[in-house]
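Asker: File query-v4.cif below, mmCIF, C-alpha atoms:
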```cif
data_structure
#
loop_
_atom_site.label_atom_id
_atom_site.label_comp_id
_atom_site.auth_asym_id
_atom_site.auth_seq_id
_atom_site.Cartn_x
_atom_site.Cartn_y
_atom_site.Cartn_z
CA MET A 14 61.42 0.21 -107.69
CA LYS A 15 58.52 -1.94 -106.49
CA ALA A 16 55.05 -0.50 -105.96
CA LYS A 17 54.94 -1.68 -102.34
CA ASP A 18 58.01 0.45 -101.60
CA LEU A 19 55.95 3.55 -102.40
CA GLU A 20 52.70 2.64 -100.64
CA ASN A 21 53.26 5.13 -97.81
CA ASP A 22 54.86 7.78 -99.99
CA PRO A 23 52.24 8.97 -102.53
CA ARG A 24 54.08 12.20 -103.35
CA LEU A 25 57.27 10.34 -104.26
CA ALA A 26 55.22 7.85 -106.27
CA ARG A 27 53.68 10.72 -108.23
CA ILE A 28 57.12 12.20 -108.92
CA LEU A 29 58.44 8.88 -110.22
CA ARG A 30 55.35 8.31 -112.39
CA THR A 31 55.75 11.75 -113.94
CA LYS A 32 59.42 11.06 -114.62
CA SER A 33 58.66 7.69 -116.22
CA ALA A 34 55.96 9.19 -118.46
CA LEU A 35 58.21 12.05 -119.58
CA PHE A 36 61.18 9.78 -120.28
CA GLY A 37 58.93 7.35 -122.15
CA MET A 38 57.74 10.09 -124.51
CA GLU A 39 61.28 11.32 -125.07
CA GLU A 40 62.56 7.82 -125.79
CA ALA A 41 59.75 7.29 -128.32
CA ALA A 42 60.60 10.63 -129.97
CA LEU A 43 64.27 9.60 -130.11
CA VAL A 44 63.42 6.35 -131.90
CA ILE A 45 61.23 8.16 -134.45
CA ILE A 46 63.88 10.82 -135.14
CA ALA A 47 66.63 8.18 -135.38
CA VAL A 48 64.69 6.17 -137.98
CA PHE A 49 63.93 9.36 -139.92
CA LEU A 50 67.61 10.39 -139.94
CA LEU A 51 68.73 6.94 -141.07
CA LEU A 52 66.32 7.00 -144.00
CA LEU A 53 67.14 10.63 -144.81
CA ASN A 54 70.88 9.93 -144.92
CA GLY A 55 70.64 6.98 -147.28
CA PHE A 56 70.25 3.89 -145.09
CA SER A 57 70.45 0.79 -147.26
CA LEU A 58 71.17 -2.92 -147.02
CA ARG A 59 72.59 -3.19 -150.55
CA PRO A 60 75.13 -1.72 -150.54
CA PRO A 61 75.32 -1.86 -146.73
CA LEU A 62 75.22 1.68 -145.38
CA PHE A 63 74.25 2.60 -141.83
CA PRO A 64 74.76 6.37 -141.43
CA ILE A 65 74.73 6.44 -137.65
CA TYR A 66 76.77 9.57 -137.00
CA ASN A 67 73.84 12.01 -136.94
CA VAL A 68 71.86 9.47 -134.95
CA VAL A 69 74.65 9.34 -132.36
CA LEU A 70 74.63 13.13 -132.04
CA ILE A 71 70.85 13.18 -131.56
CA PHE A 72 71.14 10.33 -129.06
CA PHE A 73 73.60 12.27 -126.92
CA PHE A 74 71.51 15.42 -127.22
CA PHE A 75 68.49 13.56 -125.83
CA LEU A 76 70.73 11.96 -123.22
CA LEU A 77 71.91 15.40 -122.12
CA VAL A 78 68.35 16.71 -121.86
CA MET A 79 67.23 13.63 -119.93
CA SER A 80 70.23 13.87 -117.60
CA VAL A 81 69.36 17.47 -116.74
CA GLU A 82 65.76 16.39 -116.14
CA ARG A 83 67.00 13.51 -114.01
CA ILE A 84 68.83 16.00 -111.79
CA PHE A 85 65.56 17.89 -111.33
CA PHE A 86 63.55 14.76 -110.49
CA PHE A 87 66.30 13.46 -108.22
CA ARG A 88 66.28 16.66 -106.18
CA LEU A 89 62.49 16.47 -105.93
CA SER A 90 62.72 12.85 -104.78
CA MET A 91 65.26 13.71 -102.10
CA ARG A 92 63.20 16.70 -100.97
CA TYR A 93 59.76 15.13 -100.75
CA GLY A 94 60.59 11.50 -100.06
CA ARG A 95 59.61 10.17 -96.63
CA ARG A 96 61.12 6.70 -96.43
CA LYS A 97 64.88 6.86 -96.20
CA GLY A 98 65.24 3.31 -97.47
CA VAL A 99 63.44 4.13 -100.71
CA MET A 100 65.36 7.39 -101.06
CA TYR A 101 68.61 5.49 -100.65
CA LEU A 102 67.62 3.06 -103.42
CA ILE A 103 66.78 5.99 -105.70
CA ALA A 104 70.12 7.66 -104.97
CA ARG A 105 71.99 4.42 -105.64
CA ARG A 106 70.18 3.89 -108.94
CA VAL A 107 70.88 7.47 -110.05
CA MET A 108 74.54 7.15 -109.12
CA ARG A 109 74.94 3.96 -111.15
CA TYR A 110 73.18 5.58 -114.10
CA SER A 111 75.31 8.72 -113.94
CA VAL A 112 78.57 6.78 -113.69
CA ALA A 113 77.60 4.69 -116.72
CA ILE A 114 76.72 7.83 -118.71
CA LEU A 115 79.94 9.51 -117.59
CA VAL A 116 82.03 6.59 -118.85
CA LEU A 117 80.04 6.43 -122.09
CA SER A 118 80.47 10.17 -122.67
CA ILE A 119 84.22 10.03 -122.09
CA VAL A 120 84.61 7.08 -124.48
CA ALA A 121 82.39 8.70 -127.15
CA SER A 122 84.25 12.02 -126.90
CA ALA A 123 87.60 10.26 -127.17
CA LEU A 124 86.45 8.33 -130.24
CA LEU A 125 85.16 11.47 -131.95
CA PHE A 126 88.47 13.20 -131.30
CA ALA A 127 90.41 10.13 -132.48
CA VAL A 128 88.50 9.83 -135.77
CA ASN A 129 89.87 13.23 -136.81
CA PHE A 130 93.47 12.08 -136.35
CA MET A 131 93.26 8.55 -137.74
CA PRO A 132 94.77 7.90 -141.19
CA VAL A 133 92.25 8.13 -144.01
CA PHE A 134 92.50 5.80 -146.99
CA ASN A 135 91.69 7.60 -150.21
CA GLN A 136 90.05 5.89 -153.17
CA GLN A 137 91.51 6.12 -156.64
CA GLY A 138 91.26 4.51 -160.03
CA THR A 139 91.38 4.97 -163.80
CA VAL A 140 88.53 5.33 -166.28
CA SER A 141 88.68 4.96 -170.04
CA GLY A 142 86.48 4.37 -173.08
CA PRO A 143 84.02 6.46 -175.09
CA VAL A 144 82.75 7.73 -171.73
CA GLY A 145 84.70 6.89 -168.58
CA THR A 146 82.56 5.93 -165.59
CA ALA A 147 83.36 4.82 -162.05
CA SER A 148 81.03 4.32 -159.11
CA PHE A 149 81.79 5.12 -155.48
CA GLN A 150 80.03 5.31 -152.14
CA SER A 151 80.25 8.72 -150.54
CA GLY A 152 80.69 7.35 -147.02
CA ASN A 153 82.02 4.23 -145.37
CA PHE A 154 79.91 1.52 -143.74
CA LEU A 155 78.98 3.64 -140.71
CA ALA A 156 79.27 6.99 -142.53
CA LEU A 157 82.11 8.11 -140.25
CA TYR A 158 84.04 9.19 -143.33
CA SER A 159 82.83 10.92 -146.47
CA VAL A 160 84.26 12.28 -149.71
CA GLY A 161 85.86 15.68 -149.17
CA SER A 162 87.13 16.32 -152.68
CA VAL A 163 87.39 14.73 -156.12
CA THR A 164 90.47 15.16 -158.31
CA VAL A 165 90.48 14.11 -161.96
CA SER A 166 93.81 14.05 -163.85
CA ASN A 167 93.98 14.12 -167.63
CA PRO A 168 97.10 12.50 -169.15
CA THR A 169 95.83 12.83 -172.73
CA GLY A 170 96.17 15.62 -175.24
CA SER A 171 92.44 16.38 -175.34
CA ASN A 172 90.38 18.42 -172.92
CA LEU A 173 87.97 16.47 -170.72
CA THR A 174 84.83 17.22 -168.74
CA PHE A 175 83.57 15.29 -165.73
CA VAL A 176 80.42 15.27 -163.64
CA ILE A 177 79.32 13.54 -160.45
CA VAL A 178 75.79 12.15 -160.42
CA THR A 179 73.70 9.94 -158.18
CA GLN A 180 73.16 6.32 -159.05
CA GLY A 181 69.49 7.04 -159.70
CA ASP A 182 70.31 9.84 -162.13
CA TYR A 183 72.90 7.67 -163.86
CA LEU A 184 70.40 4.86 -164.33
CA ALA A 185 67.77 7.33 -165.51
CA SER A 186 70.14 8.53 -168.22
CA GLY A 187 70.40 5.06 -169.74
CA ALA A 188 72.86 3.24 -167.48
CA THR A 189 75.35 2.84 -170.34
CA PRO A 190 78.33 5.07 -171.13
CA GLN A 191 77.11 5.69 -174.67
CA ALA A 192 73.62 6.69 -173.55
CA ALA A 193 74.93 8.72 -170.63
CA ASN A 194 77.40 11.06 -172.37
CA GLU A 195 76.49 14.73 -172.18
CA SER A 196 72.87 14.09 -171.20
CA LEU A 197 74.24 13.54 -167.69
CA LEU A 198 74.93 17.24 -167.48
CA ILE A 199 71.22 17.68 -166.88
CA TYR A 200 71.45 15.56 -163.73
CA SER A 201 74.70 16.91 -162.34
CA ASN A 202 74.66 17.49 -158.57
CA LEU A 203 77.67 19.79 -158.60
CA ALA A 204 77.24 23.54 -158.69
CA GLY A 205 78.13 24.74 -162.15
CA GLY A 206 77.04 21.52 -163.84
CA ASN A 207 80.43 20.13 -164.89
CA ASP A 208 84.15 20.62 -164.45
CA PHE A 209 86.71 21.16 -167.16
CA VAL A 210 89.97 19.16 -167.09
CA PRO A 211 92.63 20.62 -169.41
CA ALA A 212 94.90 18.38 -171.47
CA GLY A 213 97.81 17.19 -169.34
CA GLY A 214 96.36 18.84 -166.23
CA SER A 215 94.02 18.08 -163.34
CA THR A 216 90.97 19.57 -161.65
CA THR A 217 89.92 19.27 -158.00
CA VAL A 218 86.37 19.82 -156.79
CA ASN A 219 85.91 20.38 -153.05
CA ILE A 220 82.70 18.88 -151.71
CA VAL A 221 81.22 20.50 -148.63
CA THR A 222 78.60 17.83 -148.13
CA LEU A 223 77.52 14.83 -150.13
CA PRO A 224 74.67 12.70 -148.74
CA ASP A 225 75.63 9.09 -148.11
CA ALA A 226 74.72 7.21 -151.28
CA VAL A 227 76.21 5.62 -154.39
CA TYR A 228 77.49 8.09 -157.00
CA TYR A 229 79.11 7.93 -160.42
CA ILE A 230 82.03 9.90 -161.81
CA VAL A 231 81.44 10.35 -165.54
CA VAL A 232 84.27 11.63 -167.74
CA PHE A 233 83.75 12.46 -171.40
CA SER A 234 85.32 14.35 -174.27
CA GLY A 235 84.11 15.87 -177.49
CA SER A 236 86.91 14.22 -179.45
CA GLY A 237 86.84 10.44 -179.06
CA ASN A 238 87.79 8.11 -176.24
CA VAL A 239 88.84 9.33 -172.82
CA GLN A 240 91.41 8.23 -170.29
CA ALA A 241 91.62 9.79 -166.85
CA HIS A 242 92.75 9.10 -163.31
CA TYR A 243 90.61 10.06 -160.33
CA ILE A 244 91.28 10.38 -156.59
CA LEU A 245 88.56 10.57 -153.94
CA GLN A 246 89.97 12.41 -150.93
CA MET A 247 88.15 11.17 -147.83
CA LYS A 248 87.48 13.22 -144.70
CA ALA A 249 86.13 12.48 -141.23
CA SER A 250 82.43 13.20 -140.78
CA PRO A 251 82.70 13.95 -137.03
CA SER A 252 84.41 17.26 -136.35
CA ILE A 253 86.58 18.21 -133.40
CA PHE A 254 83.92 20.80 -132.58
CA ASP A 255 81.32 18.02 -132.22
CA ALA A 256 83.59 16.14 -129.84
CA PHE A 257 84.25 19.33 -127.88
CA LEU A 258 80.53 20.05 -127.50
CA LEU A 259 79.86 16.47 -126.42
CA SER A 260 82.60 16.51 -123.81
CA CYS A 261 81.58 19.95 -122.49
CA GLY A 262 77.92 18.95 -122.27
CA MET A 263 77.63 15.36 -121.14
CA ILE A 264 80.72 14.94 -118.96
CA PRO A 265 80.04 17.82 -116.49
CA VAL A 266 76.33 16.99 -116.18
CA SER A 267 76.85 13.28 -115.59
CA ALA A 268 79.76 13.95 -113.22
CA TYR A 269 77.63 16.39 -111.21
CA LEU A 270 74.80 13.89 -111.01
CA ALA A 271 77.19 11.17 -109.84
CA VAL A 272 78.67 13.38 -107.11
CA VAL A 273 75.28 14.60 -105.85
CA SER A 274 73.74 11.12 -105.77
CA LYS A 275 76.81 9.71 -104.01
CA ALA A 276 76.64 12.49 -101.42
CA ASN A 277 72.97 11.73 -100.77
CA MET A 278 73.75 8.03 -100.44
CA SER A 279 76.44 8.78 -97.87
CA PHE A 280 74.08 11.03 -95.92
CA LEU A 281 71.25 8.50 -95.92
CA ARG A 282 73.60 5.69 -94.96
CA SER A 283 74.68 7.67 -91.93
CA GLU A 284 71.10 7.90 -90.69
CA THR A 285 70.03 5.71 -87.83
CA ILE A 286 68.04 3.36 -90.02
CA PHE A 287 71.24 2.14 -91.66
CA LYS A 288 73.29 1.80 -88.51
#
```
In structure tokens, write the structure found in this file.

Answerer:
Amino acid sequence: MKAKDLENDPRLARILRTKSALFGMEEAALVIIAVFLLLLNGFSLRPPLFPIYNVVLIFFFFLLVMSVERIFFFRLSMRYGRRKGVMYLIARRVMRYSVAILVLSIVASALLFAVNFMPVFNQQGTVSGPVGTASFQSGNFLALYSVGSVTVSNPTGSNLTFVIVTQGDYLASGATPQAANESLLIYSNLAGGNDFVPAGGSTTVNIVTLPDAVYYIVVFSGSGNVQAHYILQMKASPSIFDAFLLSCGMIPVSAYLAVVSKANMSFLRSETIFK
């Protein structure tokens, strides 16, 4: 919208300036919160990890708030605007915005629903030695999947114990299997400290939440070398509930805004100035 279009409509100009200032502050707040969430959830370049899921949720929350505010400012513009040509341009811009947001919301909701039904590839492997260790990343590249449970199987005749620790704690303990051993119990991030794996059996630990980062599974025994098999059961980070909230929030609001702006465009087009 050019300044000359609003020369004879100071009230409308004031409304649009207020809207621009408010949206500018909200966009700045969104950027700050997004950066904070990325850093909080383990953003890293090596290994590459971009935990964008929480950022996406915050983005759509801000988008919902701004869409509701846009409805308010749009109604003010249509109520106090004097020049029908300028009002028509505003209505057309709002309609294009709302249609784009509507399409984006439908696609995002569909993707969040789909993630919960897509096949998940579990990670597994074998550890052995004086102390068996294996590293893993709790989430995938975009943190859309995370570790839901860890199962350790013990094919030997000796009882085993395993812990899950962060990479930092593992390095702090000596970074070698021999130095790690039972001192890692001090750094264990699992409630209860460690998990017992009986001879010939297996133990599964369900993980409610595990921040996106690099972790180590450490398996040890009080009677010599160890040999164990582990399975990392992955789960989708987005929940069906998240997708439901997104679809129930964004889609109706953006659809309403599209319908209202289109109706105003049709009304203004029917005025004499457009005939």

Asker: Given the file above and the PyMOL selection byres ((chain A and resi 91-93) around 10), which residues are selected, and can you give them as number ranges by chain?

Answerer: A: 22-25, 28, 86-90, 94-97, 99-101, 103-104, 274, 277

Asker: How far is it from atom CA of A:Ser171 to atom CA of A:Pro211, in Å with one decimal?

Answerer: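 Here the two named atoms are 7.3 Å from each other.
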
Asker: Determine the residue set returned by the PyMOL selection byres ((chain A and resi 121-125) around 12) for the present structure, and present it as a ChimeraX atom specification.

Answerer: /A:66,69-70,72-73,114-120,126-131,157-158,249-264

Asker: Would you mind telling me which residue in A:Leu102, A:Ala41, A:Val227, A:Val218 lies nearest to A:Leu184 when using all atoms listed in the file?

Answerer: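 Counting all atoms listed in the file, the residue closest to A:Leu184 is A:Val227.
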
Asker: Nearest to A:Ser80 among A:Ser267, A:Ser57, A:Asn219, A:Ser279, with distances taken over all atoms listed in the file: which residue is it?

Answerer: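 The answer is A:Ser267, which sits nearest to A:Ser80.
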
Asker: Near A:Leu35, within 12 Å and counting all atoms listed in the file, which residues show up once chain neighbours fewer than 3 positions away are dropped, as a PDB file with C-alpha atoms, in the coordinates of the input?

Answerer:
```pdb
ATOM      1  CA  ILE A  28      57.120  12.200-108.920  1.00  0.00           C
ATOM      2  CA  LEU A  29      58.440   8.880-110.220  1.00  0.00           C
ATOM      3  CA  ARG A  30      55.350   8.310-112.390  1.00  0.00           C
ATOM      4  CA  THR A  31      55.750  11.750-113.940  1.00  0.00           C
ATOM      5  CA  LYS A  32      59.420  11.060-114.620  1.00  0.00           C
ATOM      6  CA  MET A  38      57.740  10.090-124.510  1.00  0.00           C
ATOM      7  CA  GLU A  39      61.280  11.320-125.070  1.00  0.00           C
ATOM      8  CA  GLU A  40      62.560   7.820-125.790  1.00  0.00           C
ATOM      9  CA  ALA A  41      59.750   7.290-128.320  1.00  0.00           C
ATOM     10  CA  ALA A  42      60.600  10.630-129.970  1.00  0.00           C
ATOM     11  CA  VAL A  78      68.350  16.710-121.860  1.00  0.00           C
ATOM     12  CA  MET A  79      67.230  13.630-119.930  1.00  0.00           C
ATOM     13  CA  GLU A  82      65.760  16.390-116.140  1.00  0.00           C
ATOM     14  CA  ARG A  83      67.000  13.510-114.010  1.00  0.00           C
ATOM     15  CA  PHE A  86      63.550  14.760-110.490  1.00  0.00           C
TER      16      PHE A  86
END
```

Asker: Using all atoms listed in the file, what residues lie at most 10 Å away from (98.2, 13.2, -174.0) (file coordinates), given as a list in words?

Answerer: Asn167, Pro168, Thr169, Gly170, Ser171, Asn172, Ala212, Gly213, Gly214 and Gln240 of chain A

Asker: For A:Val140, which residue among A:Val165, A:Ile220, A:Val178, A:Val107 is the nearest when counting only C-alpha atoms?

Answerer: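 Among the listed residues, the smallest separation from A:Val140 belongs to A:Val165.
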
Asker: Tell me which of A:Ile244, A:Val112, A:Val44, A:Val144 sits closest to A:Phe75, counting only C-alpha atoms.

Answerer: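 Of the candidates, the smallest distance to A:Phe75 is held by A:Val44.
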
Asker: Find the spatial neighbours of A:Asn238, counting all atoms listed in the file, within a cut-off of 8 Å - ignore same-chain residues fewer than 6 positions away - and output them as number ranges by chain.

Answerer: A: 141-144

Asker: Output C-alpha atoms for every residue in the selection just made, as a PDB file, in the coordinates of the input.

Answerer:
```
ATOM      1  CA  SER A 141      88.680   4.960-170.040  1.00  0.00           C
ATOM      2  CA  GLY A 142      86.480   4.370-173.080  1.00  0.00           C
ATOM      3  CA  PRO A 143      84.020   6.460-175.090  1.00  0.00           C
ATOM      4  CA  VAL A 144      82.750   7.730-171.730  1.00  0.00           C
TER       5      VAL A 144
END
```

Asker: Between atom CA of A:Phe36 and atom CA of A:Val272, what is the distance in Å, rounded to a tenth?

Answerer: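 Straight-line distance from atom CA of A:Phe36 to atom CA of A:Val272 works out to 22.2 Å.
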
Asker: Between A:Leu58, A:Ala185, A:Leu173, A:Ala268, which residue has the minimum interatomic distance to A:Gly237, considering all atoms listed in the file?

Answerer: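 Among the listed residues, A:Leu173 lies closest to A:Gly237.
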
Asker: What does the distance between atom CA of A:Gly235 and atom CA of A:Thr174 come to in Å, to one decimal place?

Answerer: 8.9 Å
